[in-house]
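A.B. asks: Supplied structure: coords22.cif, mmCIF, C-alpha atoms.
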data_input
loop_
_atom_site.label_atom_id
_atom_site.label_comp_id
_atom_site.auth_asym_id
_atom_site.auth_seq_id
_atom_site.Cartn_x
_atom_site.Cartn_y
_atom_site.Cartn_z
CA MET C 22 0.00 0.00 0.00
CA PRO C 23 1.50 3.38 -0.93
CA HIS C 24 2.31 5.83 1.87
CA THR C 25 2.29 9.59 1.60
CA PHE C 26 5.02 11.83 3.07
CA THR C 27 4.89 15.59 3.15
CA ILE C 28 8.27 17.33 3.13
CA GLN C 29 9.18 21.00 3.11
CA VAL C 30 12.12 22.24 1.04
CA SER C 31 13.49 25.63 0.01
CA ASP C 32 12.91 27.11 -3.46
CA ALA C 33 16.50 26.25 -4.38
CA ALA C 34 16.11 22.64 -3.25
CA LYS C 35 12.83 22.32 -5.16
CA ALA C 36 14.53 23.64 -8.31
CA ALA C 37 17.38 21.11 -7.91
CA ILE C 38 14.90 18.24 -7.42
CA ASP C 39 12.90 19.32 -10.49
CA GLU C 40 16.04 19.54 -12.60
CA ALA C 41 17.39 16.15 -11.44
CA ALA C 42 13.98 14.57 -12.01
CA SER C 43 13.79 15.90 -15.54
CA LEU C 44 17.32 14.58 -16.26
CA THR C 45 16.33 11.08 -15.11
CA GLY C 46 12.87 11.13 -16.69
CA LEU C 47 11.08 10.72 -13.35
CA SER C 48 8.43 12.93 -11.82
CA PRO C 49 9.82 15.12 -9.00
CA SER C 50 7.82 13.09 -6.50
CA ASP C 51 9.08 9.71 -7.81
CA PHE C 52 12.62 11.06 -7.92
CA ALA C 53 12.42 12.30 -4.31
CA ALA C 54 10.95 8.98 -3.14
CA SER C 55 13.67 6.88 -4.78
CA ALA C 56 16.42 9.18 -3.45
CA VAL C 57 15.06 8.97 0.10
CA VAL C 58 14.83 5.18 -0.01
CA SER C 59 18.38 4.98 -1.31
CA ALA C 60 19.61 7.31 1.48
CA ALA C 61 17.76 5.22 4.08
CA LYS C 62 19.36 1.99 2.88
CA ASN C 63 22.79 3.63 2.94
CA ALA C 64 22.25 4.89 6.48
CA ILE C 65 21.25 1.41 7.64
CA ARG C 66 24.23 -0.19 5.91
CA GLU C 67 26.64 2.40 7.30
CA TRP C 68 25.58 1.43 10.81
CA SER C 69 27.77 -1.67 10.47
CA VAL C 70 29.95 -1.17 7.39
CA THR C 71 32.26 1.52 6.06
CA GLU C 72 32.84 1.23 2.33
CA LEU C 73 36.06 2.91 1.24
CA SER C 74 37.30 4.09 -2.12
CA PRO C 75 40.28 2.12 -3.50
CA ARG C 76 42.78 4.80 -2.43
CA ASP C 77 41.40 5.07 1.11
CA PHE C 78 41.20 1.29 1.49
CA LYS C 79 44.82 1.01 0.38
CA SER C 80 46.11 3.71 2.72
CA LEU C 81 44.11 2.30 5.65
CA THR C 82 45.54 -1.17 5.04
CA GLU C 83 49.07 0.22 4.88
CA MET C 84 48.67 2.14 8.12
CA LEU C 85 47.12 -0.81 9.96
CA ASP C 86 49.96 -3.03 8.74
CA ASP C 87 52.63 -0.61 10.00
CA GLU C 88 53.61 -2.25 13.28
CA SER C 89 56.21 0.45 13.91
CA ALA C 90 53.55 3.18 14.27
CA GLU C 91 53.79 4.85 17.67
CA PRO C 92 51.06 6.73 19.52
CA ASN C 93 51.78 10.46 19.30
CA ARG C 94 53.07 12.54 22.20
CA ALA C 95 49.66 13.98 23.15
CA LEU C 96 48.17 10.50 23.37
CA GLN C 97 51.11 9.15 25.37
CA GLU C 98 50.78 12.00 27.89
CA ALA C 99 47.01 11.52 28.11
CA ALA C 100 47.53 7.79 28.68
CA ALA C 101 49.99 8.45 31.52
CA ILE C 102 47.43 10.69 33.29
CA PHE C 103 44.66 8.16 32.66
CA LYS C 104 46.67 5.33 34.18
CA GLN C 105 47.47 7.41 37.31
CA GLY C 106 43.77 8.19 37.73
CA ASN C 107 42.84 4.52 37.52
CA SER C 108 45.55 3.12 39.74
CA MET G 3 37.36 13.99 47.25
CA ALA G 4 34.67 12.55 44.99
CA GLU G 5 35.94 10.54 42.05
CA LEU G 6 34.60 10.31 38.53
CA ARG G 7 33.87 6.87 37.26
CA ILE G 8 32.99 5.48 33.84
CA VAL G 9 30.59 2.51 33.77
CA ARG G 10 28.17 0.83 31.40
CA LEU G 11 24.87 2.68 31.03
CA ALA G 12 22.19 1.30 33.35
CA SER G 13 18.60 2.21 34.13
CA GLN G 14 19.44 4.25 37.22
CA HIS G 15 21.56 6.75 35.27
CA ASP G 16 19.89 10.14 34.97
CA ARG G 17 20.13 11.37 31.41
CA SER G 18 17.16 13.75 31.44
CA SER G 19 19.14 16.98 31.69
CA PHE G 20 22.07 15.97 29.48
CA ASP G 21 23.09 18.89 27.24
CA CYS G 22 26.35 18.78 25.30
CA GLY G 23 25.39 21.43 22.74
CA HIS G 24 24.49 18.96 19.99
CA PRO G 25 20.79 17.96 20.23
CA PHE G 26 21.55 14.94 18.04
CA LEU G 27 23.98 13.55 20.65
CA ASP G 28 21.72 14.53 23.59
CA ASN G 29 18.68 12.84 22.07
CA TRP G 30 20.55 9.69 21.17
CA LEU G 31 21.61 9.26 24.80
CA LYS G 32 18.09 9.96 26.11
CA ARG G 33 16.05 8.00 23.58
CA ASN G 34 18.18 5.39 21.83
CA ALA G 35 21.19 4.36 23.91
CA GLY G 36 19.23 2.08 26.27
CA GLN G 37 17.41 0.38 23.44
CA PHE G 38 20.63 -0.22 21.50
CA ASP G 39 22.18 -1.74 24.62
CA ARG G 40 19.21 -4.09 25.23
CA ARG G 41 19.29 -5.25 21.60
CA ASP G 42 23.09 -5.84 21.79
CA LEU G 43 23.66 -3.42 18.90
CA ALA G 44 25.91 -1.01 20.78
CA ARG G 45 27.17 -0.36 24.31
CA THR G 46 27.14 3.02 25.99
CA PHE G 47 29.46 3.96 28.83
CA VAL G 48 28.73 6.95 31.03
CA ALA G 49 30.79 9.16 33.32
CA THR G 50 29.28 10.13 36.67
CA TRP G 51 30.57 11.25 40.03
CA GLU G 52 30.76 8.15 42.19
CA ASP G 53 27.58 7.77 44.26
CA GLU G 54 25.73 10.07 41.85
CA VAL G 55 23.51 9.11 38.93
CA ARG G 56 23.65 12.22 36.74
CA VAL G 57 25.43 11.53 33.45
CA LEU G 58 28.21 14.05 32.73
CA GLY G 59 29.58 12.43 29.58
CA TYR G 60 29.25 9.31 27.51
CA TYR G 61 30.55 7.30 24.62
CA SER G 62 29.06 4.47 22.57
CA MET G 63 30.84 1.66 20.79
CA SER G 64 29.77 -1.00 18.35
CA ASN G 65 31.14 -3.65 16.08
CA HIS G 66 32.04 -2.39 12.61
CA HIS G 67 33.98 -3.35 9.58
CA VAL G 68 35.59 -1.69 6.59
CA THR G 69 35.00 -3.01 3.12
CA ARG G 70 36.26 -1.71 -0.18
CA ALA G 71 34.32 -0.38 -3.10
CA GLN G 72 34.45 -2.33 -6.37
CA MET G 73 38.01 -2.36 -7.68
CA SER G 74 39.68 -3.57 -10.81
CA ASP G 75 42.10 -6.51 -10.48
CA ASP G 76 44.97 -4.04 -10.92
CA GLU G 77 43.77 -1.77 -8.13
CA SER G 78 43.18 -4.63 -5.70
CA ARG G 79 46.55 -6.33 -6.20
CA GLY G 80 48.22 -6.95 -2.85
CA LEU G 81 45.19 -5.82 -0.83
CA PRO G 82 43.33 -8.10 1.57
CA ASN G 83 40.15 -9.65 0.20
CA ILE G 84 38.38 -9.92 3.52
CA ASP G 85 36.75 -7.00 5.28
CA ILE G 86 38.77 -5.29 8.00
CA PRO G 87 37.32 -5.81 11.51
CA MET G 88 37.08 -2.51 13.40
CA LEU G 89 35.32 -0.94 16.35
CA LEU G 90 33.22 2.16 15.86
CA LEU G 91 33.36 4.87 18.49
CA GLY G 92 30.00 6.15 17.28
CA ARG G 93 29.42 8.93 19.78
CA LEU G 94 31.36 10.75 22.49
CA ALA G 95 29.93 13.77 24.29
CA VAL G 96 30.42 15.83 27.45
CA ASP G 97 27.69 17.84 29.21
CA ARG G 98 28.21 21.62 29.23
CA VAL G 99 28.59 21.62 33.03
CA ALA G 100 31.67 19.38 32.69
CA GLN G 101 33.23 20.73 29.50
CA GLY G 102 36.79 22.08 29.53
CA GLN G 103 37.93 19.80 32.37
CA GLY G 104 39.48 16.97 30.41
CA LEU G 105 36.49 14.63 30.61
CA GLY G 106 36.40 14.12 26.83
CA LYS G 107 40.05 13.06 26.97
CA ARG G 108 39.30 10.67 29.82
CA LEU G 109 36.34 9.14 27.96
CA LEU G 110 38.51 8.71 24.88
CA LEU G 111 41.24 6.94 26.87
CA ASP G 112 38.63 4.68 28.47
CA ALA G 113 37.37 3.81 24.98
CA LEU G 114 40.93 3.11 23.78
CA SER G 115 41.60 0.91 26.79
CA ARG G 116 38.37 -0.99 26.13
CA SER G 117 39.28 -1.33 22.43
CA ARG G 118 42.59 -2.89 23.34
CA ARG G 119 40.86 -5.44 25.58
CA ILE G 120 38.30 -6.30 22.89
CA ALA G 121 41.08 -6.61 20.30
CA ASP G 122 42.93 -9.03 22.59
CA GLU G 123 39.78 -11.16 22.85
CA ILE G 124 38.42 -11.27 19.32
CA GLY G 125 40.82 -9.55 16.91
CA ILE G 126 40.14 -5.96 15.85
CA ARG G 127 42.49 -3.92 13.67
CA GLY G 128 41.51 -0.39 14.57
CA LEU G 129 39.07 2.11 15.99
CA GLU G 130 36.95 4.33 13.72
CA VAL G 131 35.19 7.54 14.69
CA HIS G 132 32.70 9.84 12.98
CA ALA G 133 33.36 13.36 14.25
CA ILE G 134 30.20 15.44 14.51
CA ASP G 135 31.94 18.68 13.51
CA ASP G 136 35.38 20.05 12.62
CA ARG G 137 36.20 20.80 16.24
CA ALA G 138 35.55 17.19 17.20
CA ALA G 139 37.67 16.03 14.26
CA ASP G 140 40.53 18.24 15.51
CA PHE G 141 40.17 16.67 18.98
CA TYR G 142 40.73 13.18 17.56
CA ARG G 143 43.49 14.36 15.21
CA HIS G 144 45.31 15.89 18.20
CA TYR G 145 45.58 12.38 19.68
CA GLY G 146 46.91 10.84 16.49
CA PHE G 147 43.76 9.73 14.68
CA ARG G 148 44.10 9.96 10.90
CA SER G 149 41.39 11.13 8.51
CA PHE G 150 40.29 9.18 5.51
CA GLN G 151 41.20 11.14 2.40
CA ASP G 152 37.65 11.23 1.08
CA ASP G 153 36.05 12.40 4.35
CA ASP G 154 38.05 14.36 6.91
CA ARG G 155 35.45 13.86 9.68
CA HIS G 156 35.82 10.12 9.45
CA LEU G 157 38.97 9.09 11.34
CA PHE G 158 40.70 6.01 12.63
CA ILE G 159 43.63 4.80 14.74
CA ALA G 160 45.41 1.44 14.57
CA ILE G 161 45.19 -1.04 17.44
CA SER G 162 48.95 -1.59 17.12
CA ALA G 163 49.51 2.02 18.24
CA ILE G 164 46.90 1.80 21.03
CA ARG G 165 48.54 -1.37 22.35
CA LYS G 166 51.82 0.51 22.91
CA LEU G 167 50.10 2.73 25.47
CA ASN G 168 49.81 -0.28 27.85
CA LEU G 169 46.43 0.97 29.03
#
Is it possible to give me this structure as structure tokens?
C.D. replies:
Amino acid sequence: MPHTFTIQVSDAAKAAIDEAASLTGLSPSDFAASAVVSAAKNAIREWSVTELSPRDFKSLTEMLDDESAEPNRALQEAAAIFKQGNS
Amino acid sequence: MAELRIVRLASQHDRSSFDCGHPFLDNWLKRNAGQFDRRDLARTFVATWEDEVRVLGYYSMSNHHVTRAQMSDDESRGLPNIDIPMLLLGRLAVDRVAQGQGLGKRLLLDALSRSRRIADEIGIRGLEVHAIDDRAADFYRHYGFRSFQDDDRHLFIAISAIRKLNL
């Protein structure tokens, strides 16, 4: 059963939606509905997964693999204070 | 002198007046944190004065992993095929009455210490955070978190570095 949502957008946002809808051949309402569903699915997926671009995935892997990486000075000092407080 | 303590969120904790300046973070603590805990989707840890129930700060953690977008064979050469297991520090906030006293730093260190223990138990490669604004991103960067190139409010730190703190 179809559901109806009412949303309020600025003139500029309405113009952008109309333009995007005309580019994709959808009505503004159908375009908005499909975009919202897509955003909702992304938000749900991002709760548990981060999908990275190839370059970010590569640099993350390299940094996680770097066993020589040291915590920086600020973190080392904060850790020393934290350990005193918990001892 | 009264001591601050950081413990898992429980029903007796008073969250009703929590105000960190970001309604999104206030409302999540008041409305969602307990439900996420009961459903085993995320844990929330709160800072209070010992023998008091008013929440002065909190953080939430959950299981997470990093996957890669579609890549060509060339691009993926030498990269792991399995997803990278991580922890997500989803939220960290301090009430206005306690801001500027180092509580955010203390909550962060508690989260790092917990991450190290979880990594020892089940294998986790790093901790991810989503900073709510640029100031929060600078806070994490100050302690050595690195930004992803495509999103500078999305940061991480390696467990190998956390382990060297001997927390």
A.B. asks: To test your reading of the syntax: which residues would the PyMOL selection byres ((chain C) within 8 of (chain G)) return for the file shown? Reply as a list of chain:residue names.
C.D. replies: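 Selected by the PyMOL selection byres ((chain C) within 8 of (chain G)) in this file: C:Trp68, C:Ser69, C:Val70, C:Thr71, C:Glu72, C:Leu73, C:Ser74, C:Pro75, C:Asp77, C:Phe78, C:Lys79, C:Leu81, C:Thr82, C:Met84, C:Leu85, C:Glu88, C:Ala90, C:Glu91, C:Pro92, C:Asn93, C:Arg94, C:Ala95, C:Leu96, C:Gln97, C:Ala99, C:Ala100, C:Phe103, C:Lys104.
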A.B. asks: Between CA of Leu91 (chain G) and CA of Met63 (chain G), what is the distance, to one decimal in Å?
C.D. replies: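 These two atoms are separated by 4.7 Å.
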A.B. asks: Could you jot down the CA of Asp42 (chain G) to CA of His132 (chain G) separation for me, Å, one decimal place?
C.D. replies: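 Those two atoms sit 20.4 Å apart.
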A.B. asks: Just the number, please: distance in Å from CA of Ser50 (chain C) to CA of Ala34 (chain C), one decimal.
C.D. replies: 13.1 Å
A.B. asks: Quick one: residues within 10 Å of Arg93 (chain G), only C-alpha atoms, excluding same-chain residues fewer than 3 positions away - as a PyMOL selection string?
C.D. replies: chain G and resi 27+30-31+46+60-63+90+131-134
